[in-house]
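Shown below: work-v1.cif, with mmCIF, C-alpha atoms and all ligand atoms.
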```cif
data_target
#
loop_
_atom_site.label_atom_id
_atom_site.label_comp_id
_atom_site.auth_asym_id
_atom_site.auth_seq_id
_atom_site.Cartn_x
_atom_site.Cartn_y
_atom_site.Cartn_z
CA MET A 1 -0.13 7.11 56.02
CA THR A 2 2.48 7.04 53.21
CA ASN A 3 1.25 6.60 49.68
CA LEU A 4 3.62 4.10 48.04
CA ASP A 5 1.92 4.28 44.67
CA LEU A 6 4.39 6.45 42.75
CA ARG A 7 2.00 6.55 39.79
CA ALA A 8 -0.23 8.80 41.87
CA ASP A 9 2.45 11.52 41.62
CA ALA A 10 2.98 11.11 37.88
CA ALA A 11 1.48 13.70 35.56
CA PRO A 12 -1.89 12.47 34.26
CA ALA A 13 -1.84 11.31 30.63
CA PRO A 14 -3.34 13.97 28.35
CA ALA A 15 -7.00 13.18 27.64
CA PHE A 16 -7.56 11.71 24.19
CA VAL A 17 -9.44 14.04 21.86
CA SER A 18 -10.73 12.35 18.73
CA ALA A 19 -10.15 13.79 15.24
CA ALA A 20 -13.93 14.27 14.99
CA ALA A 21 -13.82 16.49 18.08
CA ARG A 22 -10.66 18.33 16.93
CA PHE A 23 -11.84 19.09 13.41
CA GLY A 24 -15.64 18.84 13.74
CA VAL A 25 -18.05 16.69 11.75
CA ILE A 26 -19.50 17.98 8.49
CA GLU A 27 -22.98 17.02 7.32
CA LYS A 28 -23.31 14.82 4.25
CA PRO A 29 -23.77 16.98 1.14
CA ASP A 30 -26.51 16.47 -1.42
CA LEU A 31 -25.19 13.86 -3.83
CA ALA A 32 -27.40 14.66 -6.82
CA TYR A 33 -25.88 14.58 -10.31
CA THR A 34 -26.48 18.15 -11.44
CA PRO A 35 -25.42 19.78 -14.73
CA ALA A 36 -22.80 21.77 -12.76
CA ILE A 37 -21.30 18.56 -11.34
CA ALA A 38 -21.35 16.94 -14.79
CA ARG A 39 -19.43 19.95 -16.16
CA GLU A 40 -16.90 20.14 -13.32
CA THR A 41 -16.08 16.41 -13.41
CA ALA A 42 -16.05 15.95 -17.21
CA HIS A 43 -12.21 16.12 -17.41
CA LEU A 44 -11.95 13.39 -14.78
CA TYR A 45 -14.43 11.13 -16.55
CA GLU A 46 -12.15 11.28 -19.61
CA LYS A 47 -9.50 9.42 -17.55
CA VAL A 48 -11.77 6.55 -16.52
CA LYS A 49 -14.20 6.28 -19.42
CA ASP A 50 -12.79 2.90 -20.48
CA PHE A 51 -13.70 1.39 -17.10
CA ILE A 52 -16.84 3.23 -16.00
CA PRO A 53 -19.72 3.15 -18.52
CA ALA A 54 -21.22 6.61 -19.21
CA ILE A 55 -24.53 5.44 -17.75
CA GLU A 56 -22.82 4.77 -14.38
CA TRP A 57 -20.84 8.03 -14.14
CA PRO A 58 -23.77 9.94 -12.51
CA ALA A 59 -23.39 7.58 -9.53
CA TYR A 60 -19.64 8.34 -9.22
CA ALA A 61 -19.40 12.02 -10.14
CA PRO A 62 -21.16 13.51 -7.06
CA TYR A 63 -18.78 11.58 -4.78
CA VAL A 64 -15.71 12.63 -6.79
CA HIS A 65 -16.88 16.25 -6.71
CA ALA A 66 -17.69 16.23 -2.97
CA ILE A 67 -14.40 14.53 -2.03
CA ASN A 68 -12.29 16.98 -4.05
CA ARG A 69 -14.12 19.95 -2.50
CA LEU A 70 -13.82 18.56 1.00
CA LYS A 71 -10.10 17.88 0.60
CA LYS A 72 -9.54 21.62 0.13
CA GLU A 73 -11.88 22.56 2.97
CA ARG A 74 -10.15 20.16 5.37
CA ASN A 75 -6.58 20.80 4.10
CA ALA A 76 -6.31 17.07 3.39
CA VAL A 77 -4.32 15.04 0.90
CA ILE A 78 -5.17 11.61 -0.49
CA LEU A 79 -2.36 9.04 -0.86
CA ALA A 80 -3.44 6.06 -2.99
CA HIS A 81 -1.64 2.79 -3.68
CA ASN A 82 -1.31 1.50 -7.25
CA TYR A 83 -3.95 -1.20 -6.47
CA GLN A 84 -6.77 1.25 -5.84
CA THR A 85 -9.60 1.24 -8.36
CA PRO A 86 -9.39 3.69 -11.33
CA ASP A 87 -12.06 6.05 -9.88
CA ILE A 88 -9.92 6.58 -6.77
CA PHE A 89 -6.56 6.43 -8.56
CA HIS A 90 -7.45 8.94 -11.30
CA CYS A 91 -10.24 11.08 -9.87
CA VAL A 92 -9.50 11.86 -6.19
CA ALA A 93 -5.89 10.81 -5.38
CA ASP A 94 -3.21 13.51 -5.01
CA ILE A 95 -0.27 11.12 -4.77
CA VAL A 96 -0.15 7.57 -6.15
CA GLY A 97 2.63 4.99 -6.00
CA ASP A 98 4.07 1.80 -4.61
CA SER A 99 4.69 1.26 -0.89
CA LEU A 100 8.12 2.91 -0.95
CA GLN A 101 6.96 5.96 -2.89
CA LEU A 102 3.97 6.42 -0.59
CA ALA A 103 6.21 6.13 2.50
CA ARG A 104 8.67 8.66 1.03
CA ASP A 105 5.97 11.06 -0.16
CA ALA A 106 4.20 10.87 3.19
CA THR A 107 7.20 12.73 4.67
CA LYS A 108 6.80 15.60 2.17
CA VAL A 109 3.12 16.26 2.63
CA ASP A 110 2.17 19.80 3.70
CA ALA A 111 -1.50 19.13 4.43
CA GLU A 112 -2.73 18.68 7.98
CA ILE A 113 -4.66 15.50 7.20
CA ILE A 114 -3.60 12.41 5.24
CA VAL A 115 -6.30 10.09 3.93
CA GLN A 116 -4.64 6.77 3.12
CA CYS A 117 -6.33 4.85 0.34
CA GLY A 118 -4.61 1.52 0.75
CA VAL A 119 -4.33 -0.98 3.55
CA HIS A 120 -3.84 -0.44 7.27
CA PHE A 121 -0.05 -0.97 7.43
CA MET A 122 0.38 1.80 4.83
CA ALA A 123 -1.66 4.20 6.97
CA GLU A 124 0.38 3.24 10.03
CA THR A 125 3.59 3.91 8.09
CA SER A 126 2.30 7.37 7.16
CA LYS A 127 1.44 8.03 10.81
CA LEU A 128 4.89 6.87 11.96
CA LEU A 129 6.53 9.30 9.56
CA ASN A 130 4.08 12.12 10.36
CA PRO A 131 3.31 11.79 14.08
CA GLU A 132 1.97 15.35 14.24
CA LYS A 133 -0.49 14.89 11.36
CA THR A 134 -3.93 13.33 11.42
CA VAL A 135 -3.99 10.12 9.37
CA LEU A 136 -7.31 8.61 8.34
CA ILE A 137 -8.14 5.32 6.65
CA PRO A 138 -11.59 5.02 5.07
CA ASP A 139 -11.96 1.41 6.29
CA ALA A 140 -9.88 0.27 9.26
CA LYS A 141 -10.57 -3.37 8.35
CA ALA A 142 -8.44 -3.06 5.19
CA GLY A 143 -5.77 -5.53 6.34
CA CYS A 144 -3.16 -7.66 4.58
CA SER A 145 -2.47 -11.41 4.79
CA LEU A 146 1.27 -10.73 5.13
CA SER A 147 0.82 -8.23 7.92
CA GLU A 148 -1.47 -10.64 9.76
CA SER A 149 0.96 -13.57 9.42
CA ILE A 150 3.31 -12.38 12.19
CA THR A 151 3.21 -10.64 15.59
CA GLY A 152 5.77 -8.77 17.68
CA ALA A 153 5.98 -11.80 20.01
CA ASP A 154 6.88 -14.02 17.00
CA VAL A 155 9.75 -11.68 16.12
CA ARG A 156 11.01 -11.71 19.71
CA LEU A 157 11.11 -15.52 19.56
CA LEU A 158 13.00 -15.41 16.25
CA LYS A 159 15.56 -13.02 17.78
CA GLU A 160 16.02 -15.37 20.74
CA ARG A 161 16.57 -18.26 18.33
CA TYR A 162 18.97 -16.34 16.06
CA PRO A 163 20.81 -13.93 18.39
CA GLY A 164 22.72 -11.18 16.62
CA VAL A 165 21.12 -11.83 13.22
CA PRO A 166 19.73 -8.54 11.84
CA VAL A 167 16.01 -8.48 11.10
CA VAL A 168 14.68 -6.91 7.90
CA THR A 169 10.92 -6.47 7.98
CA TYR A 170 8.82 -6.07 4.89
CA VAL A 171 6.83 -2.84 5.17
CA ASN A 172 3.68 -5.01 4.95
CA THR A 173 3.68 -5.51 8.74
CA SER A 174 2.12 -3.87 11.78
CA ALA A 175 3.96 -1.14 13.72
CA GLU A 176 4.24 -3.64 16.59
CA VAL A 177 6.32 -5.94 14.33
CA LYS A 178 8.36 -3.09 12.85
CA ALA A 179 9.26 -2.00 16.40
CA GLU A 180 11.04 -5.34 16.96
CA THR A 181 13.20 -5.11 13.86
CA ASP A 182 16.32 -3.36 12.57
CA ILE A 183 15.19 -1.97 9.24
CA CYS A 184 12.18 -2.13 6.92
CA CYS A 185 12.18 -2.89 3.22
CA THR A 186 9.69 -2.84 0.36
CA SER A 187 9.62 -4.97 -2.76
CA SER A 188 11.58 -2.28 -4.62
CA ASN A 189 14.51 -1.99 -2.21
CA VAL A 190 14.72 -5.37 -0.46
CA LEU A 191 17.99 -6.33 -2.17
CA ALA A 192 19.62 -2.97 -1.35
CA VAL A 193 18.47 -3.23 2.27
CA VAL A 194 19.79 -6.80 2.68
CA GLU A 195 23.09 -5.84 1.02
CA SER A 196 23.43 -2.79 3.28
CA LEU A 197 23.78 -5.01 6.37
CA GLU A 198 27.21 -6.26 7.46
CA SER A 199 26.05 -9.66 8.67
CA ASP A 200 26.39 -12.74 6.40
CA THR A 201 23.03 -13.99 7.62
CA VAL A 202 19.85 -11.91 7.55
CA LEU A 203 16.32 -12.59 8.78
CA CYS A 204 13.99 -11.33 6.05
CA ILE A 205 10.39 -11.57 7.25
CA PRO A 206 7.48 -12.25 6.94
CA ASP A 207 7.12 -12.91 3.17
CA GLU A 208 8.65 -16.29 2.41
CA TYR A 209 8.54 -15.82 -1.37
CA LEU A 210 10.01 -12.30 -1.33
CA ALA A 211 12.81 -13.71 0.83
CA MET A 212 13.35 -16.68 -1.52
CA ASN A 213 13.46 -14.31 -4.49
CA VAL A 214 16.04 -12.04 -2.85
CA ALA A 215 18.07 -15.08 -1.73
CA ARG A 216 18.66 -15.79 -5.43
CA GLN A 217 20.25 -12.38 -5.89
CA THR A 218 22.58 -12.20 -2.89
CA ASN A 219 25.38 -14.27 -1.37
CA LYS A 220 24.00 -13.72 2.12
CA LYS A 221 22.16 -16.51 3.91
CA ILE A 222 18.50 -15.52 4.16
CA LEU A 223 16.25 -16.85 6.92
CA THR A 224 12.55 -16.21 6.64
CA TRP A 225 8.98 -16.80 7.85
CA LYS A 226 5.99 -18.55 6.30
CA GLY A 227 3.89 -15.49 5.47
CA HIS A 228 2.33 -15.17 2.00
CA CYS A 229 0.34 -12.62 0.05
CA GLU A 230 -3.05 -14.17 -0.58
CA VAL A 231 -3.25 -12.49 -4.01
CA HIS A 232 0.20 -13.33 -5.39
CA GLU A 233 0.42 -16.86 -3.99
CA ARG A 234 -2.48 -17.84 -6.30
CA PHE A 235 -0.41 -17.49 -9.49
CA THR A 236 1.32 -20.63 -10.76
CA ALA A 237 4.12 -21.15 -13.26
CA ALA A 238 1.95 -23.68 -15.18
CA GLU A 239 -0.80 -21.05 -15.61
CA LEU A 240 1.69 -18.48 -16.92
CA LEU A 241 3.23 -20.96 -19.34
CA ALA A 242 -0.27 -21.66 -20.68
CA TYR A 243 -0.78 -17.90 -21.24
CA LYS A 244 2.58 -17.77 -23.06
CA GLU A 245 1.56 -20.61 -25.33
CA ALA A 246 -1.82 -19.05 -26.10
CA ASN A 247 -0.32 -15.56 -26.67
CA PRO A 248 2.98 -15.85 -28.56
CA GLY A 249 5.28 -12.89 -27.86
CA ILE A 250 3.48 -11.84 -24.67
CA GLU A 251 5.69 -10.26 -21.97
CA ILE A 252 5.05 -11.50 -18.46
CA ILE A 253 6.05 -9.31 -15.55
CA GLY A 254 5.62 -10.39 -11.97
CA HIS A 255 5.61 -9.01 -8.45
CA PRO A 256 8.30 -10.47 -6.13
CA GLU A 257 5.59 -11.61 -3.68
CA CYS A 258 4.99 -14.48 -6.18
CA HIS A 259 6.61 -17.89 -5.73
CA PRO A 260 10.15 -18.08 -7.23
CA ASP A 261 8.89 -20.67 -9.77
CA VAL A 262 6.47 -18.01 -11.04
CA ILE A 263 9.18 -15.32 -11.14
CA ALA A 264 11.40 -17.75 -13.08
CA VAL A 265 9.00 -17.67 -16.05
CA CYS A 266 8.59 -13.88 -15.94
CA ASP A 267 10.49 -11.53 -18.27
CA PHE A 268 10.82 -8.93 -15.50
CA SER A 269 10.06 -8.69 -11.79
CA GLY A 270 9.65 -5.54 -9.71
CA SER A 271 7.53 -3.55 -7.30
CA THR A 272 4.16 -2.28 -8.49
CA SER A 273 5.75 0.98 -9.68
CA GLY A 274 8.68 -0.95 -11.16
CA MET A 275 6.16 -2.94 -13.22
CA ILE A 276 4.33 0.23 -14.31
CA ASN A 277 7.59 1.89 -15.39
CA TYR A 278 8.62 -1.22 -17.33
CA VAL A 279 5.36 -1.16 -19.31
CA LYS A 280 5.62 2.59 -19.95
CA ASP A 281 9.26 2.37 -21.07
CA LYS A 282 9.06 -0.77 -23.18
CA GLN A 283 5.45 -0.47 -24.42
CA PRO A 284 5.20 -4.21 -25.17
CA GLN A 285 2.44 -5.12 -27.64
CA ARG A 286 0.90 -7.61 -25.25
CA VAL A 287 1.62 -7.94 -21.56
CA LEU A 288 0.43 -9.83 -18.50
CA LEU A 289 0.94 -8.21 -15.10
CA VAL A 290 1.24 -10.96 -12.50
CA THR A 291 -0.29 -8.90 -9.69
CA GLU A 292 -3.52 -7.30 -8.46
CA CYS A 293 -5.68 -6.56 -11.47
CA SER A 294 -6.60 -2.88 -10.90
CA MET A 295 -3.03 -1.96 -11.86
CA ALA A 296 -3.53 -2.73 -15.53
CA SER A 297 -6.70 -0.60 -15.57
CA ASN A 298 -4.90 2.30 -13.87
CA ILE A 299 -2.19 2.54 -16.50
CA GLN A 300 -4.15 1.49 -19.60
CA ALA A 301 -4.94 5.09 -20.61
CA GLU A 302 -1.24 6.07 -20.58
CA VAL A 303 -0.12 3.16 -22.76
CA GLU A 304 -2.83 2.96 -25.37
CA GLY A 305 -0.93 0.66 -27.72
CA VAL A 306 -0.42 -2.01 -25.05
CA ASN A 307 -2.84 -4.90 -24.90
CA PHE A 308 -3.23 -6.27 -21.36
CA VAL A 309 -4.08 -9.91 -20.79
CA LYS A 310 -5.75 -9.95 -17.37
CA PRO A 311 -6.05 -12.90 -15.04
CA CYS A 312 -8.07 -10.93 -12.50
CA ASN A 313 -6.86 -11.51 -8.94
CA LEU A 314 -8.24 -8.81 -6.66
CA CYS A 315 -6.94 -7.89 -3.20
CA PRO A 316 -10.08 -7.97 -1.03
CA HIS A 317 -8.44 -5.64 1.49
CA MET A 318 -7.52 -2.93 -1.03
CA LYS A 319 -11.05 -3.20 -2.43
CA ARG A 320 -12.57 -2.22 0.92
CA ILE A 321 -11.67 1.38 0.07
CA THR A 322 -14.44 3.02 -1.97
CA LEU A 323 -15.52 6.56 -2.88
CA PRO A 324 -18.48 6.58 -0.41
CA LYS A 325 -16.12 5.49 2.40
CA ILE A 326 -13.54 8.15 1.48
CA LEU A 327 -16.25 10.80 1.59
CA ASP A 328 -17.51 9.53 4.97
CA SER A 329 -13.97 9.52 6.28
CA LEU A 330 -13.49 13.21 5.40
CA LEU A 331 -16.91 14.17 6.75
CA THR A 332 -16.67 12.33 10.07
CA MET A 333 -12.84 12.35 10.46
CA THR A 334 -12.73 8.57 10.92
CA GLU A 335 -11.07 6.07 11.13
CA GLU A 336 -8.16 7.86 12.74
CA VAL A 337 -4.93 5.83 12.68
CA LEU A 338 -2.97 5.95 15.93
CA VAL A 339 0.20 4.14 16.91
CA ASP A 340 0.86 3.19 20.53
CA PRO A 341 3.57 5.61 21.76
CA ALA A 342 5.28 2.67 23.50
CA ILE A 343 6.19 1.19 20.10
CA ALA A 344 6.03 4.19 17.75
CA GLY A 345 9.62 5.39 18.35
CA ARG A 346 11.23 2.02 17.58
CA ALA A 347 8.92 1.32 14.61
CA ARG A 348 9.67 4.79 13.17
CA LEU A 349 13.40 4.12 13.39
CA ALA A 350 13.04 0.96 11.28
CA VAL A 351 11.05 2.84 8.61
CA GLU A 352 13.35 5.88 8.66
CA ARG A 353 16.44 3.70 8.23
CA MET A 354 14.85 2.35 5.06
CA VAL A 355 13.68 5.73 3.74
CA ASN A 356 17.13 7.25 4.35
CA LEU A 357 19.05 4.36 2.78
CA LYS A 358 21.24 5.57 -0.11
CA GLN A 359 20.44 3.59 -3.26
P1 LIG B 1 4.51 -2.53 -3.68
O1 LIG B 1 5.44 -2.03 -2.65
O2 LIG B 1 5.21 -3.17 -4.83
O3 LIG B 1 3.55 -1.46 -4.10
O4 LIG B 1 3.65 -3.73 -3.05
C1 LIG B 1 2.72 -3.55 -2.04
C2 LIG B 1 1.80 -4.67 -1.96
O5 LIG B 1 1.02 -4.77 -1.05
C3 LIG B 1 1.89 -5.67 -3.01
O6 LIG B 1 0.98 -6.67 -2.78
FE1 LIG B 2 -1.36 -7.59 1.31
FE2 LIG B 2 -1.28 -9.06 -0.89
FE3 LIG B 2 -3.25 -7.28 -0.57
FE4 LIG B 2 -0.72 -6.47 -1.04
S1 LIG B 2 -2.03 -7.61 -2.40
S2 LIG B 2 -2.12 -5.66 0.50
S3 LIG B 2 0.45 -8.04 0.08
S4 LIG B 2 -2.88 -9.11 0.68
#
```
Before we go any further, please render this structure as structure tokens.
Amino acid sequence: MTNLDLRADAAPAPAFVSAAARFGVIEKPDLAYTPAIARETAHLYEKVKDFIPAIEWPAYAPYVHAINRLKKERNAVILAHNYQTPDIFHCVADIVGDSLQLARDATKVDAEIIVQCGVHFMAETSKLLNPEKTVLIPDAKAGCSLSESITGADVRLLKERYPGVPVVTYVNTSAEVKAETDICCTSSNVLAVVESLESDTVLCIPDEYLAMNVARQTNKKILTWKGHCEVHERFTAAELLAYKEANPGIEIIGHPECHPDVIAVCDFSGSTSGMINYVKDKQPQRVLLVTECSMASNIQAEVEGVNFVKPCNLCPHMKRITLPKILDSLLTMTEEVLVDPAIAGRARLAVERMVNLKQ
């Protein structure tokens, strides 16, 4: 009898070995607030004392202490987005930044393990750029309304409808979507990415408002998708004008995921790090950041003279990441972020084209 199943001759796929099995699981340490822990974390409390009352610090400090110790033991590094809460941002993160900075810095990390404190697409991006490293996310359910607004199949349909039109994908998308596209962008380089393409028409997906905002700055025809950020779409121009009236002289700076009518009443628009740098450079007396509200808390200590007016819109996905979950992640080596090898190569190319773009 002849065996016609050629797969029978193929080399068997290597068995999957989980990060927990590769690195081992460590038992949960005692999380008591001892005088030694109080002493060793005192310098970190200084950075967050305006947001965490002294009476609550004993609940945070043992986690901060255990995470920082475990990072060394595991040879791990923590990358945290600008929207993480001040305890994470100031007390346990090694690298902080906007999406582009985190993607760039992920390529320079020496550690064997990356713990991504942010949302799932950010962890996937780190894995794409560091296929040989172990990437963990403390809560795999930390999603993003933009990322969930579009699938790889949707992009294939768009390409069928607009043959030959290059596709720029916002980094806030799954690896499956990135794999279908030509180049990624973030809010800080979207204009440069669009301008780098030869075509007069560009598909810029999935954030409709980011695309509308960039369309105002380029002569290219921009086609887009109806995805929105559930945090930024809540801001309205009328609300911002009311803040202006109530606070004469206030500077309003907005994230380009907001509707163009909102951006039109802003004094400046930029990525999360662009907004932070603007506040640090200009030190306005009073400012409103039209974005997720942890950002103002994270930079308050560095710009003491600046008074932040805070309409507090929180990203529920970013807020899934907490100190207890980060500790668990390092102890149990979960949730490990993996990218299907069938799409990883093409998705990586789209991210690398963006990271390598000269600006
Ligand atoms: P940045 O790239 O500006 O950090 O934005 C990421 C994000 O998710 C904003 O909502
Ligand atoms: Fe996504 Fe908006 Fe949250 Fe950013 S703020 S992660 S775009 S839902």
inquiry  = At a cut-off of 12 Å around the point (-8.4, 12.9, -17.8) (file coordinates), what residues fall inside when counting all atoms listed in the file? I'd like the answer as a PyMOL selection string.
reply    = chain A and resi 41-50+86-87+89-92+298+301-302
task = All residues within 10 Å of ligand LIG 2 (chain B) are required, counting all atoms listed in the file; please report them as an MDAnalysis selection string.
result = chainID A and resid 81 83 99 118:122 142:148 170:173 207 227:233 255 257:258 272 291:293 313:319
Contacts between ligand LIG 1 (chain B) and chain A, please, where a residue of chain A counts if it comes within 6 Å (with all atoms listed in the file); show its shortest atom pair and distance in Å to one decimal, rows by chain and ascending number, as a Markdown table.
```
| residue | atom | partner | partner_atom | distance |
| --- | --- | --- | --- | --- |
| A:Asp98 | CA | B:LIG1 | O3 | 3.3 |
| A:Ser99 | CA | B:LIG1 | O1 | 3.8 |
| A:Leu100 | CA | B:LIG1 | O1 | 5.9 |
| A:Thr186 | CA | B:LIG1 | O1 | 5.3 |
| A:Ser187 | CA | B:LIG1 | O1 | 5.1 |
| A:Ser271 | CA | B:LIG1 | O2 | 3.4 |
| A:Thr272 | CA | B:LIG1 | O2 | 3.9 |
```
task = Do a neighbour search on A:Lys178 at 12 Å with only C-alpha atoms, toss out local chain neighbours closer than 5 positions, and write the hits as an NGL selection string.
result = :A and (121 or 124-125 or 128 or 147 or 150-156 or 167-173 or 183-185 or 205-206 or 339 or 343-354)
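Counting from atom CA of A:Ala179, the distance to atom CA of A:Glu335 is 22.5 Å.
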key: Separation of atom CA of A:Thr107 from atom CA of A:Lys127 in Å   =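 Spanning atom CA of A:Lys127 to atom CA of A:Thr107 is a straight-line distance of 9.6 Å.
Take atom CA of A:Ile95 and atom CA of A:Ser126: the distance between them is 12.8 Å.
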query = Within 12 Å of (6.8, -4.5, -14.0), in the coordinates the file gives, what residues turn up when you count only C-alpha atoms, written out as number ranges by chain?
reply = A: 98, 187-188, 251-256, 263, 266-284, 287-291, 295-296, 299
request  = For A:Tyr162, work out the shell of residues within 10 Å, counting only C-alpha atoms and skipping chain neighbours fewer than 3 positions away, then give it as an MDAnalysis selection string.
outcome  = chainID A and resid 156:159 165:167 201:203 223
Keeping only C-alpha atoms, take the residues you just selected and write them out as a PDB file, in the coordinates of the input.
```pdb
ATOM      1  CA  ARG A 156      11.010 -11.710  19.710  1.00  0.00           C
ATOM      2  CA  LEU A 157      11.110 -15.520  19.560  1.00  0.00           C
ATOM      3  CA  LEU A 158      13.000 -15.410  16.250  1.00  0.00           C
ATOM      4  CA  LYS A 159      15.560 -13.020  17.780  1.00  0.00           C
ATOM      5  CA  VAL A 165      21.120 -11.830  13.220  1.00  0.00           C
ATOM      6  CA  PRO A 166      19.730  -8.540  11.840  1.00  0.00           C
ATOM      7  CA  VAL A 167      16.010  -8.480  11.100  1.00  0.00           C
ATOM      8  CA  THR A 201      23.030 -13.990   7.620  1.00  0.00           C
ATOM      9  CA  VAL A 202      19.850 -11.910   7.550  1.00  0.00           C
ATOM     10  CA  LEU A 203      16.320 -12.590   8.780  1.00  0.00           C
ATOM     11  CA  LEU A 223      16.250 -16.850   6.920  1.00  0.00           C
TER      12      LEU A 223
END
```
Enclosing box along x, y and z for every listed atom of stretch 177-187 of chain A, padded 3 Å each side, centre and size in Å, one decimal, as AutoDock Vina command-line options:
```
--center_x 11.3 --center_y -4.0 --center_z 7.1 --size_x 16.0 --size_y 10.0 --size_z 25.7
```
query = Closest to A:Ser297 among A:Ile26, A:Ala36, A:Ile52, A:Ala237, using all atoms listed in the file?
reply =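 Answer, going by the shortest atom-to-atom distance: A:Ile52.
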inquiry  = Restricting the calculation to all atoms listed in the file: of A:Ser329, A:Gln84, A:Asn219, A:Ser199, which residue gets closest to A:Ile113?
reply    =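 Using all atoms listed in the file, the shortest distance to A:Ile113 belongs to A:Ser329.
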query = Residues at most 10 Å from stretch 13-18 of chain A, counting all atoms listed in the file, excluding those fewer than 4 positions away in the same chain, as a VMD selection string?
reply = chain A and resid 22 to 24 333 to 336
key: Polymer residues at most 12 Å from A:Glu239, only C-alpha atoms, same-chain spacing of 4 or more positions, as JSON, numbers by chain   = {"A": [234, 235, 243, 244, 245, 246, 252, 261, 262, 265, 266, 288, 290, 311]}
inquiry  = So that I can check the surroundings of A:Pro138, please list as a PyMOL selection string every protein, DNA and RNA residue that reaches within 8 Å of it, counting only C-alpha atoms and ignoring chain neighbours fewer than 3 positions away.
reply    = chain A and resi 115-117+321-322+325-326+328-329+334-335
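Distances from A:Asn307, A:Thr236, A:Asn356, A:Asn68 to A:Ala264 were compared using only C-alpha atoms, and the smallest one belongs to A:Thr236.
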Could I get stretch 139-151 of chain A from the block written out with C-alpha atoms, as a short mmCIF file (atom, residue, chain, number, x, y, z; two decimals), in the first residue's frame?
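Output file result.cif follows:
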```
data_model
loop_
_atom_site.label_atom_id
_atom_site.label_comp_id
_atom_site.auth_asym_id
_atom_site.auth_seq_id
_atom_site.Cartn_x
_atom_site.Cartn_y
_atom_site.Cartn_z
CA ASP A 139 -3.78 40.38 31.63
CA ALA A 140 -4.36 38.94 28.16
CA LYS A 141 -7.83 40.51 28.09
CA ALA A 142 -6.33 44.01 27.90
CA GLY A 143 -7.66 44.78 24.41
CA CYS A 144 -8.36 47.96 22.44
CA SER A 145 -11.53 49.12 20.66
CA LEU A 146 -9.48 50.10 17.60
CA SER A 147 -7.72 46.77 17.39
CA GLU A 148 -11.04 44.96 17.71
CA SER A 149 -12.71 47.06 14.99
CA ILE A 150 -11.04 45.22 12.08
CA THR A 151 -9.91 41.71 11.07
#
```
